[in-house]
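Heads up, the thing below is written out as structure tokens.
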2 protein chains.
Amino acid sequence: MNRKEFRDLASPDEAREAIDSLSLEGGIERVPLEEARGRVLVARLDAELDVPGFDRASLDGYALRARDTFGADEADPARLELVGEVHAGAEPDVVLEEGQAVEISTGAVMPDGADAMVPVERTDRVEPRSTKRASGATASAESGGANVLIRTSVAPGDNVMFAGADIAAGERALGPGTAITPRDIGLLSALGIDEVPVRAKPRVGIVSTGDELVRPGEELHSERGEIYDVNSYTIAAGVEDAGGEAVLYPHAGDEQDEMEEILRTAADECDLVLSSGSTSASAVDVIYRVIEEQGELLLHGVSIKPGKPMLIGRLDDSAYVGLPGYPVSAMMVFRTFVAPAIRQAAGVPEPASATVSGRLARQERYEEGRHRLMPVGLVTDGAGETLVYPVDKGSGATTSLADADGVVEVGPETDYLEAGEPVTVTLFSPEVRPPTLFGVGEGDPTVARLLDGLENPRYLSVGTRPGLRQLREGVPDVAVAAGPLEYDIESTELGRWEREWGLIVRTGNPDEIEGLEDLVDRDLRFVNRTTDSGLRSSLGSTVADLAEERGVDRHEIVDAIDGFDLGVRAHESPARKVIAGDADAGLGLRETADRLDLGFVPLGEQPVRVLANPDRTEKEGVRELERVLADVLSAQR
Amino acid sequence: MNRKEFRDLASPDEAREAIDSLSLEGGIERVPLEEARGRVLVARLDAELDVPGFDRASLDGYALRARDTFGADEADPARLELVGEVHAGAEPDVVLEEGQAVEISTGAVMPDGADAMVPVERTDRVEPRSTKRASGATASAESGGANVLIRTSVAPGDNVMFAGADIAAGERALGPGTAITPRDIGLLSALGIDEVPVRAKPRVGIVSTGDELVRPGEELHSERGEIYDVNSYTIAAGVEDAGGEAVLYPHAGDEQDEMEEILRTAADECDLVLSSGSTSASAVDVIYRVIEEQGELLLHGVSIKPGKPMLIGRLDDSAYVGLPGYPVSAMMVFRTFVAPAIRQAAGVPEPASATVSGRLARQERYEEGRHRLMPVGLVTDGAGETLVYPVDKGSGATTSLADADGVVEVGPETDYLEAGEPVTVTLFSPEVRPPTLFGVGEGDPTVARLLDGLENPRYLSVGTRPGLRQLREGVPDVAVAAGPLEYDIESTELGRWEREWGLIVRTGNPDEIEGLEDLVDRDLRFVNRTTDSGLRSSLGSTVADLAEERGVDRHEIVDAIDGFDLGVRAHESPARKVIAGDADAGLGLRETADRLDLGFVPLGEQPVRVLANPDRTEKEGVRELERVLADVLSAQR
């Protein structure tokens, strides 16, 4: 247990400087036009040809000599001899002379001799005058011998787009550093450019470390402490968001030789190597040693929370950053220090700062004097103001970030923030849409169905008691409460339903469990829910009833049930433990037993109530919930 | 010339309704986790396992029974017997009994019998007491016979993350409609999910039509009116920006059979077919006929400018939208009507409305009573206010959009907007960064180099005269003026240089042209610049000098030069015409002649001045220009 101590923590600014001192740039590559969108041009592109490449008719009509129309108007049109036609995509086969006109399509080449055109709407086609016929015999024959009356006068150049008028050969088209938009692609295609030199995306190798990590999709052995590799995929998505190219390396165990080989291969192939994934001390130690021996360690340990154990250095010709093992820490460090460096190397502009101002919903205390990055959720209160609440399930949790909308930064000098304090939230991205409805409370299958019908809800299954407490504190829009719990909270009931609860047992009930008595009197293993759950409250009443019936103290009943004291948080967990063979009976719902094909011993029914914060009943998300709730409940009946 | 007349134009709202009535949705597909970022979940995903999957040590330290630590503190530690160790990724091989502890790593499985852990920092490892040694012989031997002093007391569950604490099997993980972020990918990986059901991207077929279109990269025959296909690539990039998948179909000519076949193949393979590219009447007529005969035409012609000739309908099982042929019109119609429908079908949220408020820099008049989408550029004035100026090179120009930042919508009832009128600009995307510097004026190679050194400049090569006029009107930050032109504009000169100008002739000067006299006296074809150009002004002085020298009227000289009256806009165009064999001499710069390996006959030197709007000299972009200008000029010397 010789894990390195991080005694001299660097400041966040020092960490930024250390990363800036590394070079992550990936050089230059040429990409086809179809893949150029969003890429960053490395060199100026000048037009190599004129656009348009010829004098071009802007409308359908007649090409002619402007001076032949001088003085013409509706009442006194000019009469011209029609000597041919030119279509778009065809080379004119006629040269215009005085008194002549050529029919021309939009986009067609102006014939030699013509210097203007008149749109068809200002003309009339007519039979030639007999006198004219003789003189223009040949030409007239070609175009049916018609004349055209021009009912307006035009100047040279009218309705003609001259060659190079849009952009001419030799003109600067796009400058170096241009992030190519669809509009720029229009310009590039007009110039006939089908390949552009762009900054190569920085290649970012991700080496996930730790003997305990398993790739998603593979089999997991929880009994030996295996967990799915969260960081690699999360960080890879973050790398691509920032304009880099993520390369996932095969997962490295804690062996120094193996890890060294993978790290050096990654360093050889990439511009930046990120190691990530393991929280285990031995894996960190090995990486630490490899970087110190084979590369250069610029910095270890940053005074930031979460994210302290961060390494910055070089390995062979590559930059190296070691991310903390816990997912929340890894992602926060990535966002704060690494993503900006990748964006810079990719030439991708920093995203428009998407910030939201709000007020802290609850007071927050801090123990350590570290710069803090606090993941927070947002909820709009009844007056339309934004409340900001910390989302903290611990750095080890993966749901923390999925349940958060952004980050509040708190300086190391602050150790206390009051409820109501104005704070600025940096959203995770400008696309983040704070939830339309924020609910908390009991876990329940009907609630899950309800949520499916809403546009963008957030619901935290914290249980009935904490849910009601949070509703009282005024943070969530709604709380879902189950069971006989008494509460004196001002709230508006949006709806309620009954759910049947009892003991979930093995399929077919092979132990022939008939009720709570069996758990008390027989040697059966039971799985309870935590006291936060409304089911636990109902079970408590049933226990009290049984105690009264038997004339004994409640504790005697409780002590006789193996497993009564330890409860699990989530509503399906007892049933899952029965399936796994870890228990003979678990507290749960008939719906759960039915869905998982398990046996069920009913103990009662309990109400589930959806309670809204009375200030928020007019909020659109709450009204949407009310509508969906009515639909779901009527479908259930 | 039987092009359809669009007499009954639909309103923009009717066009939106018609598109909404079509179904563009692409169904469901399953994508691997690595490709899930940004995709939209079609179904709820529930956790199928507990995360973590076991009771997990949160720190490095010792697993133990909490009750063995009751009352322990720094001064009076509890002494426990060390009976083994558990590493991350390993299955515990020990069951803890009273008075025992197990060394445990962060992330490792809590051994049976342990209900809490103490971090290593609050412990000390010590030699066993001799009295204890006998009783615990076997266990002590296994772990070196050590004891551990626990200097704090803990409660059951302390420093342990219980199985399912993060998310438990059966809990709702992500709801339908979730646009998957990197944070959601963290949650999905934690659950071991390596493939997710997402909305298929709507497949959008792009059929470019018109005999005159050529794909970028292929050879262009300008003489027969060929142009590069701009719309297909631009619209394809726009489709992908909106979350669709663009499929480019081989380019269709104007033949009905060929076009019908391509359109129907596209309709068969795609959710939406966009036809685009041609401005030619015959191509439009053919499409019109195919859709009317083989599908259903819901709407043709929208009262919007640009964009009137738009078709909406169905072809076989696909939706169909016919975009106008001109690039600006096509892109405006796409942005306004089609992109939102694609985003909706893809489940991609509308981008955060990126709007900017500003004041119109110049008055604008409108002739027709159509809803107008006006491309505009933005520039910040000296007071930090945003000025908005229309960018209008005509719908046929491809540079218009690349030179614009967004769109101002003007209702059909408005026929006049005053200068200074407050307007709201919808940026083309939230990523649009208005230029740091806006310059106008003379085209010049040194100016192009200057621009390369700036962060995000915009420069319009409009020539010296229009540049100075615009500077006087107060729109651009700077104007570049070349030649002897007199001007009385309040301005601050940021720098100047001299450029050598004259006649650009064929390589080696085979015609032995020695000066302007040759153009006057011999039968040579000349290419002039427009009167907007500063070069033309200098040439005018030289012509006047020659006239005076010969004692003739200036017009005599001018009339004797073949090509003097017609000028081209861009500074390299005369040289290019010499290369193409269209002229024997062209007005231009020595630098251009040298770069293009052409002959050069010097006629003089002229100053080029960079003039700033005096109110903007403190603007960061102008100061950046001043710095780069100093660098470029000192490098040129």
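So you can find residues: chains in the structure tokens are A, B, ... in the order shown, residues in each start at 1, and ligands are numbered from 1 in order.
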Practice prompt. Would you return as a PyMOL selection string the members of stretch 161-391 of chain B that DSSP assigns to strand (DSSP E or B) on this structure's backbone?
Written response: chain B and resi 161+167+172-174+179+195-199+203-209+213-214+227-228+245-248+252+272-276+295-300+302+304-305+311-315+318-322+355-360+364-365+371-380+386-390
Practice prompt. Give the residues of chain B that lie within 6 Å of chain A; count only C-alpha atoms, and format the answer as a count of residues only.
Written response: 45
Worksheet item: So which one's closest to B:Leu22, B:Glu255, B:Glu605, B:Glu618, B:Asp317? Using only C-alpha atoms, please.
Response: B:Asp317
Worksheet item: Can you list, as a VMD selection string, every protein, DNA or RNA residue that comes within 9 Å of B:Thr542 when you count only C-alpha atoms, leaving out same-chain residues fewer than 4 positions away?
Response: chain B and resid 516 537 to 538 546 to 547 603 to 604
Item to complete: For stretch 72-84 of chain A, work out the shell of residues within 6 Å, counting only C-alpha atoms and skipping chain neighbours fewer than 5 positions away, then give it as a PyMOL selection string.
Response: chain A and resi 99-102+139-140+143+146-153
Grab the residues selected above and save them as a CSV table (one decimal), in the first residue's frame with N, CA and C atoms.
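Here's the written file part21.csv:
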chain,number,residue,atom,x,y,z
A,99,GLY,N,-30.0,44.0,-84.4
A,99,GLY,CA,-31.4,43.7,-84.7
A,99,GLY,C,-31.8,42.2,-84.5
A,100,GLN,N,-30.9,41.5,-83.9
A,100,GLN,CA,-31.3,40.1,-83.7
A,100,GLN,C,-31.4,39.8,-82.2
A,101,ALA,N,-32.1,38.7,-81.9
A,101,ALA,CA,-32.3,38.2,-80.5
A,101,ALA,C,-32.2,36.7,-80.5
A,102,VAL,N,-31.8,36.1,-79.4
A,102,VAL,CA,-31.7,34.7,-79.3
A,102,VAL,C,-32.4,34.3,-78.0
A,139,ALA,N,-31.5,32.8,-91.3
A,139,ALA,CA,-31.6,32.8,-89.8
A,139,ALA,C,-33.0,32.5,-89.4
A,140,SER,N,-34.0,33.1,-90.0
A,140,SER,CA,-35.4,32.9,-89.7
A,140,SER,C,-35.8,31.5,-89.8
A,143,SER,N,-35.0,29.3,-86.7
A,143,SER,CA,-35.8,29.4,-85.5
A,143,SER,C,-37.3,29.7,-85.9
A,146,ALA,N,-39.5,33.5,-86.6
A,146,ALA,CA,-40.3,34.4,-85.7
A,146,ALA,C,-39.5,35.7,-85.5
A,147,ASN,N,-40.3,36.6,-85.0
A,147,ASN,CA,-39.8,37.9,-84.5
A,147,ASN,C,-40.1,37.9,-83.0
A,148,VAL,N,-39.5,38.8,-82.3
A,148,VAL,CA,-39.9,39.0,-80.9
A,148,VAL,C,-40.0,40.5,-80.6
A,149,LEU,N,-41.1,40.8,-79.9
A,149,LEU,CA,-41.3,42.2,-79.6
A,149,LEU,C,-40.7,42.4,-78.1
A,150,ILE,N,-39.8,43.4,-78.0
A,150,ILE,CA,-39.2,43.7,-76.7
A,150,ILE,C,-39.9,44.9,-76.1
A,151,ARG,N,-40.6,44.7,-75.0
A,151,ARG,CA,-41.4,45.8,-74.5
A,151,ARG,C,-40.8,46.6,-73.3
A,152,THR,N,-39.5,46.6,-73.3
A,152,THR,CA,-38.7,47.3,-72.3
A,152,THR,C,-37.4,47.6,-72.8
A,153,SER,N,-36.7,48.6,-72.3
A,153,SER,CA,-35.3,48.9,-72.7
A,153,SER,C,-34.4,48.5,-71.6
Discussion item. With only C-alpha atoms as the counted atoms, please give the residues lying no more than 10 Å from B:Thr464, apart from itself and same-chain residues fewer than 6 positions off, as a count of residues only.
Written reply: 20
Practice prompt. Tell me which protein, DNA and RNA residues are within 10 Å of B:Gln363, counting only C-alpha atoms, leaving out same-chain ones fewer than 3 positions away, and put them as a list in words.
Written response: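 Counting only the stated atoms, we get Leu360, Tyr389, Pro390, Tyr416, Leu417, Glu418, Ala419, Gly420 and Glu421 of chain B.
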Could the residues in this selection be written to a file with N, CA and C atoms, as a compact mmCIF listing (two decimals), in the first residue's frame?
# COMPACT_ATOMS: atom_id res chain seq x y z
N LEU B 360 -29.98 48.07 -38.27
CA LEU B 360 -29.73 48.00 -39.70
C LEU B 360 -28.76 49.12 -40.10
N TYR B 389 -25.88 44.39 -41.84
CA TYR B 389 -25.95 44.85 -43.25
C TYR B 389 -26.35 43.70 -44.16
N PRO B 390 -27.24 43.97 -45.11
CA PRO B 390 -27.67 42.91 -46.03
C PRO B 390 -26.51 42.46 -46.91
N TYR B 416 -40.25 48.84 -46.49
CA TYR B 416 -39.17 49.79 -46.27
C TYR B 416 -38.64 49.61 -44.85
N LEU B 417 -37.32 49.52 -44.71
CA LEU B 417 -36.70 49.53 -43.38
C LEU B 417 -35.71 50.67 -43.36
N GLU B 418 -35.78 51.49 -42.33
CA GLU B 418 -34.87 52.61 -42.23
C GLU B 418 -33.50 52.18 -41.70
N ALA B 419 -32.47 52.93 -42.05
CA ALA B 419 -31.16 52.73 -41.43
C ALA B 419 -31.34 52.98 -39.93
N GLY B 420 -30.71 52.15 -39.10
CA GLY B 420 -30.83 52.31 -37.65
C GLY B 420 -31.98 51.55 -37.05
N GLU B 421 -32.84 51.00 -37.88
CA GLU B 421 -33.99 50.23 -37.41
C GLU B 421 -33.49 49.00 -36.63
Worksheet entry | 10 Å contact set for B:Glu493, only C-alpha atoms, chain neighbours under 2 positions out, as a list in words |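 Surrounding residues, per the criterion: Val478, Ala479, Val480, Glu490, Ser491, Gly495, Arg496, Arg609, Val610, Leu611, Ala612, Asn613, Pro614, Thr617 and Glu626 of chain B.
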Can you write out the residues you just picked, keeping N, CA, C and O atoms, as a PDB file, in the first residue's frame?
ATOM      1  N   VAL B 478     -12.719  48.833 -41.824  1.00  0.00           N
ATOM      2  CA  VAL B 478     -11.637  49.416 -42.610  1.00  0.00           C
ATOM      3  C   VAL B 478     -11.980  49.331 -44.088  1.00  0.00           C
ATOM      4  O   VAL B 478     -12.779  48.493 -44.510  1.00  0.00           O
ATOM      5  N   ALA B 479     -11.342  50.221 -44.859  1.00  0.00           N
ATOM      6  CA  ALA B 479     -11.414  50.136 -46.310  1.00  0.00           C
ATOM      7  C   ALA B 479      -9.985  50.177 -46.829  1.00  0.00           C
ATOM      8  O   ALA B 479      -9.120  50.841 -46.244  1.00  0.00           O
ATOM      9  N   VAL B 480      -9.732  49.441 -47.912  1.00  0.00           N
ATOM     10  CA  VAL B 480      -8.419  49.463 -48.548  1.00  0.00           C
ATOM     11  C   VAL B 480      -8.572  50.216 -49.869  1.00  0.00           C
ATOM     12  O   VAL B 480      -9.385  49.826 -50.709  1.00  0.00           O
ATOM     13  N   GLU B 490     -13.390  61.064 -43.290  1.00  0.00           N
ATOM     14  CA  GLU B 490     -12.677  61.019 -42.021  1.00  0.00           C
ATOM     15  C   GLU B 490     -12.227  59.592 -41.797  1.00  0.00           C
ATOM     16  O   GLU B 490     -13.048  58.674 -41.756  1.00  0.00           O
ATOM     17  N   SER B 491     -10.927  59.383 -41.710  1.00  0.00           N
ATOM     18  CA  SER B 491     -10.448  58.021 -41.524  1.00  0.00           C
ATOM     19  C   SER B 491      -9.068  58.055 -40.903  1.00  0.00           C
ATOM     20  O   SER B 491      -8.396  59.095 -40.920  1.00  0.00           O
ATOM     21  N   GLY B 495      -1.843  52.082 -42.315  1.00  0.00           N
ATOM     22  CA  GLY B 495      -0.590  51.726 -42.977  1.00  0.00           C
ATOM     23  C   GLY B 495      -0.769  51.858 -44.471  1.00  0.00           C
ATOM     24  O   GLY B 495      -1.885  52.004 -44.963  1.00  0.00           O
ATOM     25  N   ARG B 496       0.349  51.868 -45.193  1.00  0.00           N
ATOM     26  CA  ARG B 496       0.277  51.928 -46.657  1.00  0.00           C
ATOM     27  C   ARG B 496       1.484  51.243 -47.252  1.00  0.00           C
ATOM     28  O   ARG B 496       2.499  51.066 -46.606  1.00  0.00           O
ATOM     29  N   ARG B 609      -3.620  52.125 -49.395  1.00  0.00           N
ATOM     30  CA  ARG B 609      -3.771  52.614 -48.019  1.00  0.00           C
ATOM     31  C   ARG B 609      -4.821  51.786 -47.290  1.00  0.00           C
ATOM     32  O   ARG B 609      -5.884  51.491 -47.856  1.00  0.00           O
ATOM     33  N   VAL B 610      -4.509  51.438 -46.037  1.00  0.00           N
ATOM     34  CA  VAL B 610      -5.505  50.783 -45.187  1.00  0.00           C
ATOM     35  C   VAL B 610      -6.077  51.845 -44.264  1.00  0.00           C
ATOM     36  O   VAL B 610      -5.366  52.410 -43.429  1.00  0.00           O
ATOM     37  N   LEU B 611      -7.356  52.145 -44.454  1.00  0.00           N
ATOM     38  CA  LEU B 611      -7.987  53.254 -43.736  1.00  0.00           C
ATOM     39  C   LEU B 611      -9.047  52.723 -42.773  1.00  0.00           C
ATOM     40  O   LEU B 611      -9.930  51.961 -43.179  1.00  0.00           O
ATOM     41  N   ALA B 612      -8.950  53.124 -41.519  1.00  0.00           N
ATOM     42  CA  ALA B 612      -9.913  52.635 -40.532  1.00  0.00           C
ATOM     43  C   ALA B 612     -10.976  53.695 -40.265  1.00  0.00           C
ATOM     44  O   ALA B 612     -10.708  54.897 -40.322  1.00  0.00           O
ATOM     45  N   ASN B 613     -12.161  53.215 -39.990  1.00  0.00           N
ATOM     46  CA  ASN B 613     -13.213  54.060 -39.438  1.00  0.00           C
ATOM     47  C   ASN B 613     -12.665  54.640 -38.131  1.00  0.00           C
ATOM     48  O   ASN B 613     -12.246  53.883 -37.243  1.00  0.00           O
ATOM     49  N   PRO B 614     -12.611  55.985 -37.984  1.00  0.00           N
ATOM     50  CA  PRO B 614     -11.941  56.556 -36.789  1.00  0.00           C
ATOM     51  C   PRO B 614     -12.591  56.148 -35.463  1.00  0.00           C
ATOM     52  O   PRO B 614     -11.931  56.148 -34.426  1.00  0.00           O
ATOM     53  N   THR B 617     -10.910  52.507 -34.072  1.00  0.00           N
ATOM     54  CA  THR B 617      -9.473  52.220 -33.965  1.00  0.00           C
ATOM     55  C   THR B 617      -9.132  51.440 -32.696  1.00  0.00           C
ATOM     56  O   THR B 617      -8.106  50.787 -32.640  1.00  0.00           O
ATOM     57  N   GLU B 626      -3.714  46.116 -37.251  1.00  0.00           N
ATOM     58  CA  GLU B 626      -2.596  47.061 -37.208  1.00  0.00           C
ATOM     59  C   GLU B 626      -1.285  46.321 -36.911  1.00  0.00           C
ATOM     60  O   GLU B 626      -0.262  46.578 -37.550  1.00  0.00           O
TER      61      GLU B 626
END
Fill in: Members of stretch 18-123 of chain A assigned helix (DSSP H, G or I) by DSSP, as a count of residues only
13
Discussion item. For a test of reading the model, state the distance in Å between atom CA of B:Pro422 and atom CA of B:Gly474, rounded to one decimal.
Written reply: 16.5 Å
Worksheet entry | Separation of atom CA of A:Gly567 from atom CA of A:Val505 in Å | 16.5 Å
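Distance annotation: of B:Arg590, B:Asp584, B:Leu298, B:Leu64, the residue with the minimal separation from B:Glu17 is B:Leu298; atom set is only C-alpha atoms.
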Worksheet item: Taking into account only C-alpha atoms, which residue in the set A:Ser11, A:Gln606, A:Thr446, A:Ser634 is nearest to A:Gly502?
Response: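 Closest residue, counting only C-alpha atoms: A:Gln606.
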